[in-house]
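Report on the following structure.
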Amino acid sequence: WHEVLGVSPSATQEDVRRSFRGLALQHHPDKRQGAVDVGDVGDVFRRVQEAYEEGLRQVAGAHPTSGELGLVSCDGPSMPVSIFAPKAHLRKACDEFEHLLDVGESSSVPSEVSSSTVEELVEWLLEGSCVCIDTREPCDKYGKNATPIPGAVTLGYTELLKRPESVARPLAALQEHAERGARLVSYSTHGSPTSGNCATVCCILADVFGFDIDMMSCLEDGYLMWRRFMGARQSVAEQLR
C-alpha cells in the first residue's frame, strides 16, 4: 500500500490521506474522461483506493472485516470517509451522520457553528484567506440573487447529504483550499446559523469528511445581507470582481 501511495511504511494517517487525495484527483475516472482506455484508468484508481484503505487500517492498527472497506475504523463509526470512497460508503456515512444529528449525538452541532459578519467576510476575501460555500437551493438563485459571492464553491445541502457521490469535485476543491489554510464560510439565502442549511453543511463536512470545524463559519444574515452590503459599497464590489 505504501508503495502505491508513495509514502513511508511509518506514515501517519494525515500522510496517507494527503497522498490519496493527490492521487485520487490525478487518477479519478471523472478527471480522465479523454483517456484512450477508460478501463485502465478505473483499474489504477481502484488500486489507489485499495492502497488508501489498507494504509488507514495499518496506521490505525485495525484489521479489515467484510463490508467495512473504506472506513477509518472497522470497529467504530464509519466517519470520516474519503470524498472519493465508493457511493455505498459515502451514503452510509451521510446516513449515519443524519441519524446522529437527529438523536442529538453528532460530534458537530449546527447551533454551535460560529458565525461571521459580512464585514469580516469582505476582509478575508480581499486578503485571499477565505473561500465561500454556496449552500443555497436552486430555487433561491434567480434574478439578482443568481450571482454567487465571488469565488464561492457551490455545495447544495440536499446533494451533499443524500447524493454525496455527485459532489466529489466541489468537495475536492474545498479540501484543497482547506489544506492551504483558507477559512471556509458557508452561506444560505437568509443566513440562520442555528438551524439553516449553511450550518448543517459545515457539520457534514466536519463529521463525515474530516474538515476542521474551527476553520468554518456561517455568514450572518446570509446572501441577502451580502447583496445589500455590496450594493452600498460599489468600490468594494469592484475590488472583488
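Following the order of the C-alpha cells, chains are lettered A, B, ..., residues in each are numbered from 1, and ligands are numbered from 1.
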
Report as a list in words all protein, DNA and RNA residues lying within 12 Å of Glu119 (chain A), evaluated on only C-alpha atoms, omitting residues in the same chain fewer than 5 positions from it.
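Selected residues are Trp124, Leu125, Leu126, Leu219, Glu220, Asp221, Met225, Trp226, Phe229, Met230, Arg233 and Val236 of chain A.
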
Print the selection's residues with all heavy atoms to a file, as a CSV table (one decimal), in the first residue's frame.
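Done, and the output landed in again_9.csv:
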chain,number,residue,atom,x,y,z
A,124,TRP,N,-11.6,39.1,4.6
A,124,TRP,CA,-10.9,37.8,4.3
A,124,TRP,C,-10.8,37.6,2.8
A,124,TRP,O,-9.8,37.1,2.3
A,124,TRP,CB,-11.7,36.6,4.9
A,124,TRP,CG,-11.6,36.6,6.4
A,124,TRP,CD1,-10.6,37.2,7.2
A,124,TRP,CD2,-12.6,36.1,7.3
A,124,TRP,NE1,-10.9,37.0,8.5
A,124,TRP,CE2,-12.1,36.3,8.6
A,124,TRP,CE3,-13.8,35.4,7.2
A,124,TRP,CZ2,-12.8,35.9,9.8
A,124,TRP,CZ3,-14.5,35.0,8.3
A,124,TRP,CH2,-14.0,35.3,9.6
A,125,LEU,N,-11.9,37.9,2.1
A,125,LEU,CA,-11.9,37.8,0.6
A,125,LEU,C,-10.8,38.7,0.0
A,125,LEU,O,-10.1,38.3,-1.0
A,125,LEU,CB,-13.3,38.1,0.0
A,125,LEU,CG,-14.3,37.0,0.3
A,125,LEU,CD1,-15.7,37.5,-0.2
A,125,LEU,CD2,-14.0,35.7,-0.4
A,126,LEU,N,-10.7,39.9,0.5
A,126,LEU,CA,-9.7,40.8,-0.1
A,126,LEU,C,-8.3,40.3,0.2
A,126,LEU,O,-7.4,40.5,-0.5
A,126,LEU,CB,-9.9,42.2,0.5
A,126,LEU,CG,-11.2,43.0,0.0
A,126,LEU,CD1,-11.3,44.3,0.7
A,126,LEU,CD2,-11.1,43.2,-1.5
A,219,LEU,N,-22.2,32.7,7.4
A,219,LEU,CA,-22.4,34.2,7.1
A,219,LEU,C,-23.6,34.7,7.8
A,219,LEU,O,-24.7,34.2,7.5
A,219,LEU,CB,-22.4,34.5,5.6
A,219,LEU,CG,-22.6,35.9,5.3
A,219,LEU,CD1,-21.5,36.8,5.8
A,219,LEU,CD2,-22.7,36.0,3.7
A,220,GLU,N,-23.5,35.6,8.7
A,220,GLU,CA,-24.6,36.2,9.4
A,220,GLU,C,-25.6,36.8,8.4
A,220,GLU,O,-25.2,37.6,7.6
A,220,GLU,CB,-24.2,37.2,10.4
A,220,GLU,CG,-23.6,36.6,11.7
A,220,GLU,CD,-23.3,37.7,12.7
A,220,GLU,OE1,-23.6,38.9,12.4
A,220,GLU,OE2,-22.7,37.4,13.8
A,221,ASP,N,-26.9,36.5,8.5
A,221,ASP,CA,-27.9,37.1,7.7
A,221,ASP,C,-27.8,36.7,6.2
A,221,ASP,O,-28.5,37.3,5.4
A,221,ASP,CB,-28.0,38.6,7.8
A,221,ASP,CG,-28.3,39.0,9.3
A,221,ASP,OD1,-29.2,38.4,9.9
A,221,ASP,OD2,-27.6,39.9,9.8
A,225,MET,N,-28.0,39.8,3.0
A,225,MET,CA,-27.2,40.8,3.6
A,225,MET,C,-26.0,41.1,2.8
A,225,MET,O,-25.6,42.3,2.7
A,225,MET,CB,-26.8,40.3,5.0
A,225,MET,CG,-25.8,41.3,5.7
A,225,MET,SD,-26.4,43.0,5.9
A,225,MET,CE,-27.6,42.8,7.2
A,226,TRP,N,-25.3,40.1,2.2
A,226,TRP,CA,-24.2,40.3,1.3
A,226,TRP,C,-24.6,41.3,0.2
A,226,TRP,O,-23.8,42.2,-0.1
A,226,TRP,CB,-23.7,39.0,0.8
A,226,TRP,CG,-22.7,39.1,-0.4
A,226,TRP,CD1,-23.0,39.1,-1.7
A,226,TRP,CD2,-21.3,39.4,-0.3
A,226,TRP,NE1,-21.9,39.3,-2.5
A,226,TRP,CE2,-20.8,39.4,-1.6
A,226,TRP,CE3,-20.4,39.5,0.7
A,226,TRP,CZ2,-19.5,39.6,-2.0
A,226,TRP,CZ3,-19.1,39.7,0.4
A,226,TRP,CH2,-18.6,39.8,-0.9
A,229,PHE,N,-25.1,44.8,1.3
A,229,PHE,CA,-23.8,45.4,1.7
A,229,PHE,C,-23.0,45.8,0.5
A,229,PHE,O,-22.5,46.9,0.4
A,229,PHE,CB,-23.0,44.4,2.5
A,229,PHE,CG,-21.7,44.9,3.1
A,229,PHE,CD1,-21.7,45.5,4.3
A,229,PHE,CD2,-20.5,44.8,2.4
A,229,PHE,CE1,-20.5,46.0,4.8
A,229,PHE,CE2,-19.3,45.3,2.9
A,229,PHE,CZ,-19.3,45.9,4.1
A,230,MET,N,-23.0,44.9,-0.5
A,230,MET,CA,-22.2,45.2,-1.8
A,230,MET,C,-22.9,46.4,-2.6
A,230,MET,O,-22.2,47.2,-3.2
A,230,MET,CB,-22.1,44.0,-2.6
A,230,MET,CG,-21.2,42.9,-2.1
A,230,MET,SD,-19.5,43.4,-2.1
A,230,MET,CE,-19.2,43.8,-0.4
A,233,ARG,N,-21.7,49.6,-1.3
A,233,ARG,CA,-20.2,49.8,-1.4
A,233,ARG,C,-19.7,49.3,-2.7
A,233,ARG,O,-19.0,48.3,-2.8
A,233,ARG,CB,-19.6,49.0,-0.2
A,233,ARG,CG,-19.9,49.6,1.1
A,233,ARG,CD,-19.6,48.6,2.2
A,233,ARG,NE,-19.8,49.2,3.6
A,233,ARG,CZ,-21.0,49.2,4.1
A,233,ARG,NH1,-22.1,48.8,3.5
A,233,ARG,NH2,-21.2,49.7,5.3
A,236,VAL,N,-15.9,48.5,-3.1
A,236,VAL,CA,-15.5,47.1,-2.6
A,236,VAL,C,-15.9,46.1,-3.6
A,236,VAL,O,-15.2,45.1,-3.9
A,236,VAL,CB,-16.2,46.9,-1.2
A,236,VAL,CG1,-15.8,45.5,-0.8
A,236,VAL,CG2,-15.7,47.9,-0.2

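Residue-level DSSP output for region 2-237 of chain A, from the backbone, shows strand (DSSP E or B) at Leu71, Val81, Ser115, Ser116, Cys130, Val131, Cys132, Ile133, Asp134, Val153, Thr154, Arg183, Leu184, Val185, Ser186, Tyr187, Met216, Ser217, Cys218 and Leu219 of chain A.
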
Please write the residues from the selection above to a file, keeping C-alpha atoms, as an mmCIF file, in the first residue's frame.
data_model
loop_
_atom_site.group_PDB
_atom_site.id
_atom_site.type_symbol
_atom_site.label_atom_id
_atom_site.label_comp_id
_atom_site.auth_asym_id
_atom_site.auth_seq_id
_atom_site.Cartn_x
_atom_site.Cartn_y
_atom_site.Cartn_z
ATOM 1 C CA LEU A 71 -13.843 3.242 6.712
ATOM 2 C CA VAL A 81 -14.662 8.945 4.976
ATOM 3 C CA SER A 115 -20.790 32.920 12.542
ATOM 4 C CA SER A 116 -19.006 35.636 10.577
ATOM 5 C CA CYS A 130 -11.237 32.707 2.634
ATOM 6 C CA VAL A 131 -13.458 30.686 0.302
ATOM 7 C CA CYS A 132 -17.250 30.717 0.449
ATOM 8 C CA ILE A 133 -19.587 27.738 0.211
ATOM 9 C CA ASP A 134 -22.865 28.477 -1.563
ATOM 10 C CA VAL A 153 -17.929 26.780 -4.349
ATOM 11 C CA THR A 154 -21.481 25.524 -4.866
ATOM 12 C CA ARG A 183 -11.233 29.667 6.136
ATOM 13 C CA LEU A 184 -14.486 28.293 4.707
ATOM 14 C CA VAL A 185 -17.568 30.489 5.092
ATOM 15 C CA SER A 186 -20.877 28.823 4.329
ATOM 16 C CA TYR A 187 -23.913 30.868 3.367
ATOM 17 C CA MET A 216 -15.555 27.045 9.148
ATOM 18 C CA SER A 217 -18.301 29.533 9.888
ATOM 19 C CA CYS A 218 -21.676 30.732 8.626
ATOM 20 C CA LEU A 219 -22.371 34.151 7.144
#

Can you list, as a ChimeraX atom specification, all residues belonging to region 76-194 of chain A that DSSP tags as alpha helix (DSSP H)?
/A:87-102,118-127,157-162,168-179

Atom pair CA of Glu53 (chain A) / CA of Arg91 (chain A): separation (Å):
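CA of Glu53 (chain A) sits 17.1 Å away from CA of Arg91 (chain A).
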
Could you tell me which of A:Ala206, A:Leu121, A:Leu56, A:Leu155 comes closest to Ala173 (chain A) if we count only C-alpha atoms?
A:Leu155

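Using only C-alpha atoms, the smallest distance between any of A:Gly6, A:Gly191, A:Gly104, A:Gly210 and Gln175 (chain A) comes from A:Gly210.
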
Fewer than 2 positions away in the same chain doesn't count, so skip those; otherwise give me all residues within 10 Å of region 12-28 of chain A, counting only C-alpha atoms, as a ChimeraX atom specification.
/A:1-2,4-10,30-33,41-46,48-49,51-60,72,82-85,168-169,172-173,175-176,179

What is the CA of Ser114 (chain A) to CA of Thr200 (chain A) distance in Å?
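If I compute the distance from CA of Ser114 (chain A) to CA of Thr200 (chain A), I get 11.8 Å.
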
Could you list, as number ranges by chain, every residue within 9 Å of Val122 (chain A), counting only C-alpha atoms and ignoring same-chain residues fewer than 5 positions away?
A: 117, 127, 236, 240

Using only C-alpha atoms: which of A:Leu171, A:Cys203, A:Cys198, A:Ala232 has the shortest distance to Ser106 (chain A):
A:Cys203

So, with only C-alpha atoms as the atoms that count, which of A:Val167, A:Asp207, A:Lys92, A:Lys144 lies closest to Ser108 (chain A)?
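Smallest separation from Ser108 (chain A) among the options: A:Asp207.
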
Just want the 7 Å neighbourhood of Tyr157 (chain A), counted on only C-alpha atoms, with same-chain residues fewer than 4 positions away dropped. Output as a list in words.
Thr135, Leu161, Asn197 and Val201 of chain A

Export of prior selection with N, CA and C atoms as a tab-separated table (two decimals), in the first residue's frame:
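Final output, part-v9.tsv:
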chain	number	residue	atom	x	y	z
A	135	THR	N	-24.54	27.28	-0.26
A	135	THR	CA	-25.42	26.15	0.07
A	135	THR	C	-26.87	26.40	-0.35
A	161	LEU	N	-25.96	15.67	1.39
A	161	LEU	CA	-26.45	14.70	2.37
A	161	LEU	C	-26.99	13.44	1.73
A	197	ASN	N	-29.35	25.56	6.43
A	197	ASN	CA	-28.53	24.61	5.69
A	197	ASN	C	-27.04	24.93	5.80
A	201	VAL	N	-24.33	22.05	6.64
A	201	VAL	CA	-23.29	21.69	5.67
A	201	VAL	C	-21.92	21.70	6.35
